[in-house]
file my_file.csv (CSV, N, CA and C atoms)
chain,number,residue,atom,x,y,z
A,1,MET,N,121.7,81.5,127.6
A,1,MET,CA,120.6,82.4,127.8
A,1,MET,C,119.7,82.6,126.6
A,2,LYS,N,120.3,82.6,125.4
A,2,LYS,CA,119.5,82.7,124.2
A,2,LYS,C,118.7,81.5,124.0
A,3,LYS,N,119.1,80.3,124.4
A,3,LYS,CA,118.3,79.1,124.2
A,3,LYS,C,117.1,79.1,125.1
A,4,ASP,N,117.0,80.0,126.1
A,4,ASP,CA,115.8,80.1,126.9
A,4,ASP,C,114.7,81.0,126.3
A,5,ILE,N,115.1,81.8,125.2
A,5,ILE,CA,114.1,82.6,124.5
A,5,ILE,C,113.4,81.8,123.5
A,6,GLN,N,112.1,81.7,123.6
A,6,GLN,CA,111.2,81.0,122.7
A,6,GLN,C,110.3,81.9,122.0
A,7,ILE,N,110.4,81.9,120.7
A,7,ILE,CA,109.5,82.7,119.9
A,7,ILE,C,108.5,81.8,119.2
A,8,PRO,N,107.2,81.8,119.5
A,8,PRO,CA,106.3,80.9,118.9
A,8,PRO,C,106.1,81.0,117.4
A,9,GLU,N,105.5,80.0,116.8
A,9,GLU,CA,105.3,80.0,115.4
A,9,GLU,C,104.2,81.0,115.0
A,10,VAL,N,104.4,81.7,113.9
A,10,VAL,CA,103.4,82.7,113.5
A,10,VAL,C,102.3,81.9,112.6
A,11,LYS,N,101.1,82.2,112.9
A,11,LYS,CA,100.0,81.6,112.1
A,11,LYS,C,99.0,82.7,111.8
A,12,ASP,N,98.3,82.6,110.7
A,12,ASP,CA,97.3,83.6,110.3
A,12,ASP,C,97.7,85.0,110.1
A,13,VAL,N,99.0,85.2,109.8
A,13,VAL,CA,99.6,86.5,109.3
A,13,VAL,C,100.3,86.2,108.0
A,14,GLU,N,100.0,87.0,107.0
A,14,GLU,CA,100.5,86.8,105.7
A,14,GLU,C,101.0,88.1,105.1
A,15,VAL,N,101.9,88.0,104.1
A,15,VAL,CA,102.4,89.1,103.3
A,15,VAL,C,102.0,88.8,101.8
A,16,ALA,N,101.4,89.8,101.2
A,16,ALA,CA,101.0,89.6,99.8
A,16,ALA,C,101.5,90.7,98.9
A,17,VAL,N,101.8,90.4,97.6
A,17,VAL,CA,102.0,91.4,96.6
A,17,VAL,C,100.7,91.5,95.8
A,18,VAL,N,100.1,92.6,95.7
A,18,VAL,CA,98.9,92.8,95.0
A,18,VAL,C,99.0,93.7,93.8
A,19,TYR,N,98.4,93.3,92.7
A,19,TYR,CA,98.4,94.1,91.4
A,19,TYR,C,97.1,94.9,91.4
A,20,GLU,N,97.2,96.2,91.5
A,20,GLU,CA,96.0,97.0,91.6
A,20,GLU,C,96.1,98.3,90.8
A,21,TYR,N,94.9,98.8,90.5
A,21,TYR,CA,94.9,100.1,89.7
A,21,TYR,C,95.0,101.3,90.7
A,22,ASN,N,95.9,102.2,90.3
A,22,ASN,CA,96.1,103.4,91.1
A,22,ASN,C,95.2,104.5,90.4
A,23,ASP,N,94.2,104.9,91.1
A,23,ASP,CA,93.3,106.0,90.6
A,23,ASP,C,94.0,107.3,90.4
A,24,ILE,N,94.9,107.6,91.3
A,24,ILE,CA,95.6,109.0,91.2
A,24,ILE,C,96.4,109.1,90.0
A,25,TYR,N,97.3,108.1,89.8
A,25,TYR,CA,98.2,108.2,88.6
A,25,TYR,C,97.8,107.4,87.4
A,26,LYS,N,96.6,106.8,87.5
A,26,LYS,CA,96.0,106.0,86.3
A,26,LYS,C,97.0,105.0,85.8
A,27,THR,N,97.6,104.2,86.8
A,27,THR,CA,98.5,103.2,86.4
A,27,THR,C,98.2,101.9,87.2
A,28,ASP,N,98.7,100.8,86.7
A,28,ASP,CA,98.5,99.5,87.4
A,28,ASP,C,99.8,99.3,88.2
A,29,ASP,N,99.7,99.2,89.5
A,29,ASP,CA,100.8,99.2,90.4
A,29,ASP,C,100.9,97.9,91.2
A,30,TRP,N,102.1,97.5,91.7
A,30,TRP,CA,102.3,96.4,92.5
A,30,TRP,C,102.5,96.9,93.9
A,31,ASN,N,101.7,96.5,94.9
A,31,ASN,CA,101.8,97.0,96.3
A,31,ASN,C,101.9,95.8,97.2
A,32,VAL,N,102.7,96.0,98.3
A,32,VAL,CA,102.8,94.9,99.3
A,32,VAL,C,101.9,95.2,100.5
A,33,TYR,N,101.2,94.1,100.9
A,33,TYR,CA,100.3,94.2,102.0
A,33,TYR,C,100.6,93.2,103.1
A,34,ILE,N,100.3,93.6,104.4
A,34,ILE,CA,100.4,92.6,105.5
A,34,ILE,C,98.9,92.3,105.8
A,35,ILE,N,98.6,91.0,106.1
A,35,ILE,CA,97.3,90.6,106.4
A,35,ILE,C,97.2,89.9,107.7
A,36,ASN,N,96.3,90.4,108.6
A,36,ASN,CA,96.1,89.8,109.9
A,36,ASN,C,94.8,89.0,109.8
A,37,LYS,N,94.8,87.7,109.8
A,37,LYS,CA,93.6,86.9,109.8
A,37,LYS,C,93.2,86.4,111.2
A,38,LYS,N,93.9,86.9,112.2
A,38,LYS,CA,93.6,86.6,113.6
A,38,LYS,C,92.4,87.3,114.1
A,39,ASP,N,91.8,86.8,115.2
A,39,ASP,CA,90.7,87.5,115.8
A,39,ASP,C,91.2,88.4,116.9
A,40,ILE,N,92.5,88.8,116.9
A,40,ILE,CA,93.1,89.7,117.9
A,40,ILE,C,94.0,90.7,117.2
A,41,ASP,N,94.0,91.9,117.7
A,41,ASP,CA,94.9,92.9,117.2
A,41,ASP,C,96.4,92.6,117.3
A,42,LEU,N,97.2,93.0,116.4
A,42,LEU,CA,98.6,92.8,116.5
A,42,LEU,C,99.2,94.2,116.8
A,43,GLU,N,100.1,94.3,117.8
A,43,GLU,CA,100.6,95.5,118.2
A,43,GLU,C,102.1,95.6,117.9
A,44,MET,N,102.5,96.9,117.7
A,44,MET,CA,104.0,97.2,117.5
A,44,MET,C,104.5,96.3,116.3
A,45,VAL,N,103.8,96.3,115.2
A,45,VAL,CA,104.2,95.6,114.0
A,45,VAL,C,105.4,96.3,113.3
A,46,VAL,N,106.5,95.6,113.2
A,46,VAL,CA,107.7,96.1,112.5
A,46,VAL,C,108.0,95.2,111.3
A,47,ILE,N,108.1,95.8,110.1
A,47,ILE,CA,108.4,95.1,108.9
A,47,ILE,C,109.7,95.7,108.3
A,48,VAL,N,110.6,94.8,108.1
A,48,VAL,CA,111.9,95.1,107.5
A,48,VAL,C,112.0,94.4,106.2
A,49,THR,N,112.2,95.2,105.1
A,49,THR,CA,112.2,94.5,103.8
A,49,THR,C,113.6,94.8,103.1
A,50,GLN,N,113.9,93.8,102.2
A,50,GLN,CA,115.1,94.0,101.4
A,50,GLN,C,115.1,93.0,100.2
A,51,GLY,N,115.6,93.5,99.1
A,51,GLY,CA,115.7,92.7,97.9
A,51,GLY,C,117.2,92.2,97.8
A,52,PHE,N,117.4,91.0,97.3
A,52,PHE,CA,118.8,90.6,97.3
A,52,PHE,C,119.0,89.5,96.2
A,53,SER,N,120.2,89.3,95.7
A,53,SER,CA,120.6,88.2,94.9
A,53,SER,C,122.0,87.9,95.2
A,54,GLU,N,122.7,87.1,94.4
A,54,GLU,CA,124.1,86.8,94.6
A,54,GLU,C,125.0,88.0,94.5
A,55,THR,N,124.6,88.9,93.6
A,55,THR,CA,125.4,90.0,93.3
A,55,THR,C,124.9,91.4,93.7
A,56,LYS,N,123.6,91.5,94.0
A,56,LYS,CA,123.0,92.8,94.3
A,56,LYS,C,122.2,92.7,95.6
A,57,THR,N,122.1,93.8,96.3
A,57,THR,CA,121.3,94.0,97.5
A,57,THR,C,120.8,95.4,97.6
A,58,THR,N,119.5,95.5,97.9
A,58,THR,CA,118.9,96.8,98.0
A,58,THR,C,119.0,97.3,99.4
A,59,SER,N,118.8,98.6,99.6
A,59,SER,CA,118.8,99.1,100.9
A,59,SER,C,117.6,98.6,101.7
A,60,LEU,N,117.8,98.6,103.1
A,60,LEU,CA,116.7,98.1,103.9
A,60,LEU,C,115.6,99.2,104.0
A,61,MET,N,114.3,98.7,104.0
A,61,MET,CA,113.2,99.6,104.2
A,61,MET,C,112.5,99.1,105.5
A,62,ARG,N,112.2,100.0,106.4
A,62,ARG,CA,111.5,99.7,107.6
A,62,ARG,C,110.1,100.4,107.7
A,63,LYS,N,109.2,99.6,108.2
A,63,LYS,CA,107.8,100.2,108.4
A,63,LYS,C,107.3,99.7,109.7
A,64,LYS,N,106.6,100.6,110.4
A,64,LYS,CA,106.1,100.3,111.7
A,64,LYS,C,104.6,100.6,111.7
A,65,LEU,N,103.8,99.7,112.3
A,65,LEU,CA,102.4,99.9,112.5
A,65,LEU,C,102.1,99.8,114.0
A,66,ASP,N,101.5,100.8,114.6
A,66,ASP,CA,101.3,100.7,116.0
A,66,ASP,C,100.3,99.5,116.3
A,67,VAL,N,99.2,99.4,115.5
A,67,VAL,CA,98.2,98.4,115.6
A,67,VAL,C,97.8,97.9,114.3
A,68,LEU,N,97.7,96.6,114.1
A,68,LEU,CA,97.0,96.1,112.9
A,68,LEU,C,95.8,95.3,113.4
A,69,PRO,N,94.6,95.9,113.2
A,69,PRO,CA,93.4,95.3,113.8
A,69,PRO,C,93.1,93.9,113.4
A,70,ALA,N,92.4,93.2,114.2
A,70,ALA,CA,92.0,91.8,113.9
A,70,ALA,C,91.3,91.8,112.6
A,71,ASN,N,91.5,90.7,111.8
A,71,ASN,CA,90.9,90.5,110.5
A,71,ASN,C,90.9,91.7,109.6
A,72,SER,N,92.1,92.2,109.4
A,72,SER,CA,92.3,93.4,108.6
A,72,SER,C,93.6,93.2,107.8
A,73,PHE,N,93.9,94.3,107.0
A,73,PHE,CA,95.2,94.3,106.3
A,73,PHE,C,95.6,95.8,106.2
A,74,ALA,N,96.9,95.9,105.8
A,74,ALA,CA,97.5,97.3,105.7
A,74,ALA,C,98.5,97.3,104.5
A,75,LYS,N,98.5,98.3,103.8
A,75,LYS,CA,99.5,98.5,102.7
A,75,LYS,C,100.9,98.8,103.3
A,76,ILE,N,101.9,98.1,102.9
A,76,ILE,CA,103.2,98.3,103.4
A,76,ILE,C,104.0,99.3,102.5
A,77,GLU,N,104.0,98.9,101.2
A,77,GLU,CA,104.8,99.7,100.3
A,77,GLU,C,104.5,99.4,98.9
A,78,PHE,N,104.9,100.3,98.0
A,78,PHE,CA,104.8,100.1,96.5
A,78,PHE,C,106.1,99.3,96.2
A,79,ILE,N,106.1,98.4,95.3
A,79,ILE,CA,107.3,97.6,94.9
A,79,ILE,C,107.4,97.8,93.4
A,80,GLN,N,108.6,98.2,93.0
A,80,GLN,CA,108.9,98.4,91.6
A,80,GLN,C,109.1,97.0,90.8
A,81,PRO,N,108.6,96.8,89.6
A,81,PRO,CA,108.8,95.6,88.9
A,81,PRO,C,110.3,95.2,88.7
A,82,GLU,N,111.2,96.2,88.7
A,82,GLU,CA,112.6,95.9,88.5
A,82,GLU,C,113.1,95.0,89.7
A,83,LEU,N,112.5,95.0,90.8
A,83,LEU,CA,112.9,94.2,92.0
A,83,LEU,C,112.4,92.8,91.9
A,84,PHE,N,111.6,92.5,90.9
A,84,PHE,CA,111.1,91.1,90.8
A,84,PHE,C,112.2,90.1,90.4
A,85,LYS,N,113.3,90.6,89.9
A,85,LYS,CA,114.4,89.8,89.5
A,85,LYS,C,115.2,89.4,90.7
A,86,LEU,N,114.9,90.0,91.9
A,86,LEU,CA,115.6,89.7,93.1
A,86,LEU,C,114.7,88.9,94.0
A,87,HIS,N,115.3,88.2,95.0
A,87,HIS,CA,114.6,87.6,96.1
A,87,HIS,C,114.1,88.8,97.0
A,88,ASN,N,112.9,88.8,97.4
A,88,ASN,CA,112.4,89.9,98.2
A,88,ASN,C,111.9,89.4,99.6
A,89,ARG,N,112.6,89.8,100.6
A,89,ARG,CA,112.4,89.3,102.0
A,89,ARG,C,111.7,90.3,102.8
A,90,PHE,N,110.7,89.9,103.6
A,90,PHE,CA,109.9,90.7,104.5
A,90,PHE,C,110.0,90.1,105.9
A,91,GLN,N,110.7,90.7,106.8
A,91,GLN,CA,110.8,90.2,108.2
A,91,GLN,C,109.8,90.9,109.0
A,92,VAL,N,108.8,90.2,109.6
A,92,VAL,CA,107.7,90.7,110.3
A,92,VAL,C,107.8,90.4,111.8
A,93,THR,N,107.8,91.4,112.7
A,93,THR,CA,107.9,91.1,114.1
A,93,THR,C,106.7,91.9,114.7
A,94,PHE,N,106.0,91.3,115.7
A,94,PHE,CA,104.9,91.9,116.3
A,94,PHE,C,104.6,91.3,117.7
A,95,PHE,N,103.8,92.0,118.5
A,95,PHE,CA,103.3,91.5,119.7
A,95,PHE,C,101.8,91.1,119.6
A,96,GLU,N,101.5,90.0,120.1
A,96,GLU,CA,100.1,89.5,120.2
A,96,GLU,C,99.9,89.3,121.7
A,97,GLY,N,99.2,90.3,122.4
A,97,GLY,CA,99.2,90.3,123.8
A,97,GLY,C,100.6,90.6,124.3
A,98,ASN,N,101.1,89.8,125.2
A,98,ASN,CA,102.5,90.1,125.7
A,98,ASN,C,103.5,89.2,125.1
A,99,THR,N,103.2,88.5,124.0
A,99,THR,CA,104.1,87.5,123.4
A,99,THR,C,104.6,88.1,122.1
A,100,LEU,N,105.9,88.0,121.9
A,100,LEU,CA,106.6,88.5,120.7
A,100,LEU,C,106.6,87.4,119.7
A,101,TYR,N,106.3,87.8,118.4
A,101,TYR,CA,106.3,86.8,117.3
A,101,TYR,C,107.2,87.4,116.2
A,102,ASP,N,107.8,86.5,115.4
A,102,ASP,CA,108.7,86.9,114.3
A,102,ASP,C,108.6,85.9,113.2
A,103,LYS,N,108.5,86.4,112.0
A,103,LYS,CA,108.5,85.5,110.8
A,103,LYS,C,109.1,86.2,109.6
A,104,THR,N,109.9,85.5,108.8
A,104,THR,CA,110.4,86.0,107.6
A,104,THR,C,109.6,85.4,106.4
A,105,PHE,N,109.1,86.3,105.6
A,105,PHE,CA,108.3,85.9,104.4
A,105,PHE,C,109.2,86.2,103.2
A,106,LEU,N,109.2,85.3,102.2
A,106,LEU,CA,110.1,85.4,101.1
A,106,LEU,C,109.4,85.2,99.7
A,107,PHE,N,109.6,86.2,98.8
A,107,PHE,CA,109.2,86.0,97.4
A,107,PHE,C,110.4,85.7,96.7
A,108,GLU,N,110.5,84.5,96.2
A,108,GLU,CA,111.7,84.1,95.4
A,108,GLU,C,111.8,84.9,94.1
A,109,LYS,N,113.0,85.0,93.5
A,109,LYS,CA,113.1,85.8,92.3
A,109,LYS,C,112.2,85.3,91.2
A,110,ASP,N,111.7,86.2,90.4
A,110,ASP,CA,110.8,85.9,89.3
A,110,ASP,C,109.5,85.2,89.6
A,111,THR,N,109.1,85.2,90.9
A,111,THR,CA,107.8,84.6,91.2
A,111,THR,C,106.7,85.6,91.2
A,112,ILE,N,107.0,86.9,91.2
A,112,ILE,CA,106.0,87.9,91.2
A,112,ILE,C,105.8,88.3,89.7
A,113,LYS,N,104.6,87.8,89.2
A,113,LYS,CA,104.3,88.1,87.8
A,113,LYS,C,102.8,87.9,87.6
A,114,GLU,N,102.3,88.5,86.6
A,114,GLU,CA,100.8,88.5,86.4
A,114,GLU,C,100.3,87.1,86.3
A,115,GLY,N,101.0,86.2,85.7
A,115,GLY,CA,100.5,84.8,85.5
A,115,GLY,C,100.3,84.1,86.8
A,116,ALA,N,100.9,84.6,87.9
A,116,ALA,CA,100.8,83.9,89.2
A,116,ALA,C,99.7,84.5,90.1
A,117,LEU,N,99.0,85.5,89.6
A,117,LEU,CA,98.0,86.2,90.5
A,117,LEU,C,96.8,85.3,90.8
A,118,ARG,N,96.4,85.4,92.0
A,118,ARG,CA,95.2,84.7,92.5
A,118,ARG,C,94.4,85.6,93.4
A,119,MET,N,93.1,85.4,93.5
A,119,MET,CA,92.3,86.2,94.3
A,119,MET,C,92.6,86.0,95.8
A,120,ILE,N,92.9,87.1,96.5
A,120,ILE,CA,93.1,87.1,97.9
A,120,ILE,C,91.8,87.6,98.5
A,121,SER,N,91.1,86.7,99.2
A,121,SER,CA,89.8,87.0,99.6
A,121,SER,C,89.7,88.1,100.7
A,122,VAL,N,90.7,88.2,101.5
A,122,VAL,CA,90.6,89.2,102.6
A,122,VAL,C,90.7,90.6,102.0
A,123,ILE,N,91.6,90.8,101.0
A,123,ILE,CA,91.8,92.1,100.3
A,123,ILE,C,90.8,92.3,99.2
A,124,LYS,N,90.2,91.2,98.6
A,124,LYS,CA,89.3,91.3,97.5
A,124,LYS,C,90.0,91.8,96.2
A,125,LYS,N,91.3,91.5,96.1
A,125,LYS,CA,92.0,91.8,94.9
A,125,LYS,C,92.9,90.7,94.5
A,126,ARG,N,93.5,90.7,93.3
A,126,ARG,CA,94.4,89.7,92.9
A,126,ARG,C,95.8,89.9,93.3
A,127,GLY,N,96.5,88.9,93.8
A,127,GLY,CA,97.8,89.0,94.3
A,127,GLY,C,98.5,87.7,94.4
A,128,ILE,N,99.7,87.8,95.1
A,128,ILE,CA,100.5,86.6,95.3
A,128,ILE,C,100.9,86.6,96.8
A,129,LEU,N,100.7,85.5,97.4
A,129,LEU,CA,101.1,85.3,98.9
A,129,LEU,C,102.5,84.9,99.0
A,130,ALA,N,103.2,85.4,99.9
A,130,ALA,CA,104.6,85.0,100.2
A,130,ALA,C,104.7,83.7,100.9
A,131,LYS,N,105.8,83.0,100.8
A,131,LYS,CA,106.1,81.7,101.4
A,131,LYS,C,106.7,82.0,102.8
call {"tool": "encode", "arguments": {"input": "my_file.csv", "output": "structure tokens"}}
result
Amino acid sequence: MKKDIQIPEVKDVEVAVVYEYNDIYKTDDWNVYIINKKDIDLEMVVIVTQGFSETKTTSLMRKKLDVLPANSFAKIEFIQPELFKLHNRFQVTFFEGNTLYDKTFLFEKDTIKEGALRMISVIKKRGILAK
């Protein structure tokens, strides 16, 4: 029965860590965003995140968005620099129309750093895209 379930490949959806200034606290923060480059809204978006290594695992964080509009982005969470020493996994599940999609994005340990920042055109800020 499981072999009959087909989940199509996810395209034009990305996860990025963005380094940006926080006007409220007057600090430079690292925030995680989900980006929808599709021309269609994503519905019931569920993101499950966790940091891990061979010896450590963080608790799971879950975030739900009812709708992520076409050609838009949304902030998922603030990420502490101490977590950059871990692998950071973001499992994204959503509906596009009546079809279920699922993809796991991964930031390998020590890949989130200022030297790796690139302009992310959709957000118009510097950040790092997950693989």
call {"tool": "atom_distance", "arguments": {"input": "my_file.csv", "atom1": "atom CA of Gln91 of chain A", "atom2": "atom CA of Asp28 of chain A"}}
result
25.9 Å
call {"tool": "closest_atom_pairs", "arguments": {"input": "my_file.csv", "of": "segment 102-130 of chain A", "to": "segment 15-23 of chain A", "cutoff": "6.5 Å", "atoms": "all atoms listed in the file", "output": "JSON lines"}}
result
{"residue": "A:Lys125", "atom": "C", "partner": "A:Tyr19", "partner_atom": "N", "distance": 6.3}
{"residue": "A:Arg126", "atom": "C", "partner": "A:Tyr19", "partner_atom": "N", "distance": 4.3}
{"residue": "A:Gly127", "atom": "CA", "partner": "A:Val18", "partner_atom": "CA", "distance": 4.0}
{"residue": "A:Ile128", "atom": "N", "partner": "A:Val17", "partner_atom": "C", "distance": 3.9}
{"residue": "A:Leu129", "atom": "CA", "partner": "A:Ala16", "partner_atom": "CA", "distance": 4.4}
{"residue": "A:Ala130", "atom": "N", "partner": "A:Val15", "partner_atom": "C", "distance": 4.1}
call {"tool": "write_last_selection", "arguments": {"input": "my_file.csv", "atoms": "N, CA and C atoms", "output": "compact mmCIF listing (two decimals), in the coordinates of the input"}}
result
# COMPACT_ATOMS: atom_id res chain seq x y z
N LYS A 125 91.30 91.50 96.10
CA LYS A 125 92.00 91.80 94.90
C LYS A 125 92.90 90.70 94.50
N ARG A 126 93.50 90.70 93.30
CA ARG A 126 94.40 89.70 92.90
C ARG A 126 95.80 89.90 93.30
N GLY A 127 96.50 88.90 93.80
CA GLY A 127 97.80 89.00 94.30
C GLY A 127 98.50 87.70 94.40
N ILE A 128 99.70 87.80 95.10
CA ILE A 128 100.50 86.60 95.30
C ILE A 128 100.90 86.60 96.80
N LEU A 129 100.70 85.50 97.40
CA LEU A 129 101.10 85.30 98.90
C LEU A 129 102.50 84.90 99.00
N ALA A 130 103.20 85.40 99.90
CA ALA A 130 104.60 85.00 100.20
C ALA A 130 104.70 83.70 100.90
call {"tool": "closest_residue", "arguments": {"input": "my_file.csv", "among": "A:His87, A:Lys113, A:Lys103, A:Arg118", "to": "Thr58 of chain A", "atoms": "only C-alpha atoms"}}
result
A:His87
call {"tool": "select_by_dssp", "arguments": {"input": "my_file.csv", "residues": "chain A", "states": "strand (DSSP E)", "output": "ChimeraX atom specification"}}
result
/A:13-22,27-36,42-52,61-68,72-78,87-96,99-107,118-120,125-129
call {"tool": "residues_around", "arguments": {"input": "my_file.csv", "residues": "Leu42 of chain A", "least_positions_apart": "2", "cutoff": "6 Å", "atoms": "all atoms listed in the file", "output": "list in words"}}
result
Ile40, Met44, Val45, Asp66, Val67, Leu68, Pro69, Ala70, Phe95 and Glu96 of chain A
call {"tool": "closest_residue", "arguments": {"input": "my_file.csv", "among": "A:Lys26, A:Lys56, A:Arg62, A:Lys85", "to": "Asp110 of chain A", "atoms": "only N, CA and C atoms"}}
result
A:Lys85
call {"tool": "atom_distance", "arguments": {"input": "my_file.csv", "atom1": "atom C of Ile34 of chain A", "atom2": "atom CA of Leu65 of chain A"}}
result
10.7 Å
call {"tool": "closest_residue", "arguments": {"input": "my_file.csv", "among": "A:Phe78, A:Tyr101, A:Tyr25, A:Phe84", "to": "Asp12 of chain A", "atoms": "only C-alpha atoms"}}
result
A:Tyr101
call {"tool": "closest_residue", "arguments": {"input": "my_file.csv", "among": "A:Asn71, A:Leu100, A:Ile7, A:Glu82", "to": "Asp39 of chain A", "atoms": "only N, CA and C atoms"}}
result
A:Asn71
call {"tool": "residues_around", "arguments": {"input": "my_file.csv", "residues": "segment 46-54 of chain A", "least_positions_apart": "3", "cutoff": "6.5 Å", "atoms": "all atoms listed in the file", "output": "PDB file with N, CA and C atoms, keeping the file's coordinate frame"}}
result
ATOM      1  N   GLU A  43     100.100  94.300 117.800  1.00  0.00           N
ATOM      2  CA  GLU A  43     100.600  95.500 118.200  1.00  0.00           C
ATOM      3  C   GLU A  43     102.100  95.600 117.900  1.00  0.00           C
ATOM      4  N   THR A  57     122.100  93.800  96.300  1.00  0.00           N
ATOM      5  CA  THR A  57     121.300  94.000  97.500  1.00  0.00           C
ATOM      6  C   THR A  57     120.800  95.400  97.600  1.00  0.00           C
ATOM      7  N   THR A  58     119.500  95.500  97.900  1.00  0.00           N
ATOM      8  CA  THR A  58     118.900  96.800  98.000  1.00  0.00           C
ATOM      9  C   THR A  58     119.000  97.300  99.400  1.00  0.00           C
ATOM     10  N   SER A  59     118.800  98.600  99.600  1.00  0.00           N
ATOM     11  CA  SER A  59     118.800  99.100 100.900  1.00  0.00           C
ATOM     12  C   SER A  59     117.600  98.600 101.700  1.00  0.00           C
ATOM     13  N   LEU A  60     117.800  98.600 103.100  1.00  0.00           N
ATOM     14  CA  LEU A  60     116.700  98.100 103.900  1.00  0.00           C
ATOM     15  C   LEU A  60     115.600  99.200 104.000  1.00  0.00           C
ATOM     16  N   MET A  61     114.300  98.700 104.000  1.00  0.00           N
ATOM     17  CA  MET A  61     113.200  99.600 104.200  1.00  0.00           C
ATOM     18  C   MET A  61     112.500  99.100 105.500  1.00  0.00           C
ATOM     19  N   ARG A  62     112.200 100.000 106.400  1.00  0.00           N
ATOM     20  CA  ARG A  62     111.500  99.700 107.600  1.00  0.00           C
ATOM     21  C   ARG A  62     110.100 100.400 107.700  1.00  0.00           C
ATOM     22  N   LYS A  63     109.200  99.600 108.200  1.00  0.00           N
ATOM     23  CA  LYS A  63     107.800 100.200 108.400  1.00  0.00           C
ATOM     24  C   LYS A  63     107.300  99.700 109.700  1.00  0.00           C
ATOM     25  N   LYS A  64     106.600 100.600 110.400  1.00  0.00           N
ATOM     26  CA  LYS A  64     106.100 100.300 111.700  1.00  0.00           C
ATOM     27  C   LYS A  64     104.600 100.600 111.700  1.00  0.00           C
ATOM     28  N   LEU A  65     103.800  99.700 112.300  1.00  0.00           N
ATOM     29  CA  LEU A  65     102.400  99.900 112.500  1.00  0.00           C
ATOM     30  C   LEU A  65     102.100  99.800 114.000  1.00  0.00           C
ATOM     31  N   LEU A  86     114.900  90.000  91.900  1.00  0.00           N
ATOM     32  CA  LEU A  86     115.600  89.700  93.100  1.00  0.00           C
ATOM     33  C   LEU A  86     114.700  88.900  94.000  1.00  0.00           C
ATOM     34  N   HIS A  87     115.300  88.200  95.000  1.00  0.00           N
ATOM     35  CA  HIS A  87     114.600  87.600  96.100  1.00  0.00           C
ATOM     36  C   HIS A  87     114.100  88.800  97.000  1.00  0.00           C
ATOM     37  N   ASN A  88     112.900  88.800  97.400  1.00  0.00           N
ATOM     38  CA  ASN A  88     112.400  89.900  98.200  1.00  0.00           C
ATOM     39  C   ASN A  88     111.900  89.400  99.600  1.00  0.00           C
ATOM     40  N   ARG A  89     112.600  89.800 100.600  1.00  0.00           N
ATOM     41  CA  ARG A  89     112.400  89.300 102.000  1.00  0.00           C
ATOM     42  C   ARG A  89     111.700  90.300 102.800  1.00  0.00           C
ATOM     43  N   PHE A  90     110.700  89.900 103.600  1.00  0.00           N
ATOM     44  CA  PHE A  90     109.900  90.700 104.500  1.00  0.00           C
ATOM     45  C   PHE A  90     110.000  90.100 105.900  1.00  0.00           C
ATOM     46  N   GLN A  91     110.700  90.700 106.800  1.00  0.00           N
ATOM     47  CA  GLN A  91     110.800  90.200 108.200  1.00  0.00           C
ATOM     48  C   GLN A  91     109.800  90.900 109.000  1.00  0.00           C
ATOM     49  N   VAL A  92     108.800  90.200 109.600  1.00  0.00           N
ATOM     50  CA  VAL A  92     107.700  90.700 110.300  1.00  0.00           C
ATOM     51  C   VAL A  92     107.800  90.400 111.800  1.00  0.00           C
ATOM     52  N   THR A  93     107.800  91.400 112.700  1.00  0.00           N
ATOM     53  CA  THR A  93     107.900  91.100 114.100  1.00  0.00           C
ATOM     54  C   THR A  93     106.700  91.900 114.700  1.00  0.00           C
ATOM     55  N   PHE A  94     106.000  91.300 115.700  1.00  0.00           N
ATOM     56  CA  PHE A  94     104.900  91.900 116.300  1.00  0.00           C
ATOM     57  C   PHE A  94     104.600  91.300 117.700  1.00  0.00           C
TER      58      PHE A  94
END
call {"tool": "select_by_dssp", "arguments": {"input": "my_file.csv", "residues": "segment 34-92 of chain A", "states": "helix (DSSP H, G or I)", "output": "ChimeraX atom specification"}}
result
/A:81-85
call {"tool": "atom_distance", "arguments": {"input": "my_file.csv", "atom1": "atom N of Val10 of chain A", "atom2": "atom C of Ser72 of chain A"}}
result
16.9 Å
